[in-house]
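S.K.: Next up is a structure, given as structure tokens.
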Amino acid sequence: MIGLEDEKLTDCRTRTLLLEQFDMAWALAWYHLEKIPTEECLWEPAATCIHVRRANFGEWRPDWPEIENYEMGPPSIAWTTWHICYWWTKAIAHLEGNVAIEASDVPWPGDAENVRLVIQNLHDRWRTLLQSYDESALQVRRENSWPIPNSSPDSIAAWLNVELMKNAAEIGSMRFLYAVS
């Protein structure tokens, strides 16, 4: 028997729509990530590009351009997958109340297999988090929200869907270029 609380969660149209949209973005992202090898992730698509680099103790750290412009070059797949790990970790942390996550707290996972594991884990955590909201909770504005100040979880979820689709398209474009290089 469904209780009133379960019924309330079941009838959340906003959440359902956001999850359907998320599933579409996820399908494209996973299509590009599922079998990608590490050497393709680490391929630098241009002489000037943003990438990940080995730092102290073997950790991989991302380039962090001071200014975004076309002269910085395209991102490598490794950088784009790091970027997914970073913004997704930060979005989840903010919705859970931890506003202290910075780019330096999120290293690149080190190889394609670990990228898949981390991103799959973020997917699972995000889906569980979104499913926990009812309609009213999705619309509560938060003063310290990220990346959109003073926004609600539904706005953050909509942004995340767009960001995931954009990053999936970037990875796909780089995979096409790598295949013909």
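Here, A, B, ... name the chains of the structure tokens in the order displayed, residue numbers run from 1 inside each chain, and ligands are numbered from 1 in the same displayed order.
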Which residues of stretch 85-170 of chain A sit at most 12 Å from stretch 23-30 of chain A, using only C-alpha atoms? Give each one's shortest atom pair and distance in Å (one decimal place), in chain and ascending residue order, as CSV.
M.R.:
residue,atom,partner,partner_atom,distance
A:Val115,CA,A:Trp30,CA,11.2
A:Arg116,CA,A:Trp30,CA,8.6
A:Leu117,CA,A:Trp30,CA,11.5
A:Ile119,CA,A:Trp30,CA,9.3
A:Gln120,CA,A:Trp30,CA,8.8
A:Leu122,CA,A:Trp26,CA,11.2
A:His123,CA,A:Trp26,CA,8.1
A:Asp124,CA,A:Trp26,CA,10.9
A:Trp126,CA,A:Trp26,CA,11.4
A:Arg127,CA,A:Asp23,CA,9.4
A:Ala157,CA,A:Ala25,CA,11.9
A:Ala158,CA,A:Ala25,CA,11.0
A:Trp159,CA,A:Ala25,CA,11.6
A:Leu160,CA,A:Ala25,CA,9.5
A:Asn161,CA,A:Ala25,CA,6.3
A:Val162,CA,A:Ala25,CA,7.7
A:Glu163,CA,A:Ala25,CA,8.9
A:Leu164,CA,A:Ala25,CA,6.1
A:Met165,CA,A:Ala25,CA,4.9
A:Lys166,CA,A:Ala25,CA,8.7
A:Asn167,CA,A:Ala29,CA,7.6
A:Ala168,CA,A:Ala29,CA,4.5
A:Ala169,CA,A:Ala29,CA,7.7
A:Glu170,CA,A:Ala29,CA,9.7
S.K.: Among stretch 3-130 of chain A, which ones does DSSP place in strand (DSSP E), written as a list in words?
M.R.: Val52, Arg53, Arg54, Trp60, Arg61 and Pro62 of chain A
S.K.: Write out as a PyMOL selection string which residues come within 6 Å of stretch 34-48 of chain A when counting only C-alpha atoms, dropping same-chain ones fewer than 5 positions away.
M.R.: chain A and resi 73+76-78+111-112
S.K.: What is the atom CA of A:Thr80-atom CA of A:Ile171 distance in Å, reported with one decimal?
M.R.: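 Calculated distance between atom CA of A:Thr80 and atom CA of A:Ile171 is 7.0 Å.
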S.K.: Would you please work out which residue, of A:Asn56, A:Thr89, A:Thr16, A:Thr81, is nearest to A:Ser132 when using only C-alpha atoms?
M.R.: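 Checking each candidate against A:Ser132, we get A:Thr16 as the closest.
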S.K.: Could you give me, as a VMD selection string, the residues within 8 Å of A:Gly110, counting only C-alpha atoms and dropping anything in the same chain fewer than 3 positions from it?
M.R.: chain A and resid 59 to 60 114 to 115
S.K.: My list of candidates is A:Gly172, A:Ser181, A:Cys85, A:Pro62. Which is closest to A:Asn121 when distances are computed with only C-alpha atoms?
M.R.: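 Going through A:Gly172, A:Ser181, A:Cys85, A:Pro62 one by one, the smallest distance to A:Asn121 is for A:Cys85.
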S.K.: Which residues in chain A does DSSP call helix (DSSP H, G or I)? List them as a PyMOL selection string.
M.R.: chain A and resi 4-10+13-33+38-41+56-58+70-72+77-95+103-105+112-131+135-138+153-180
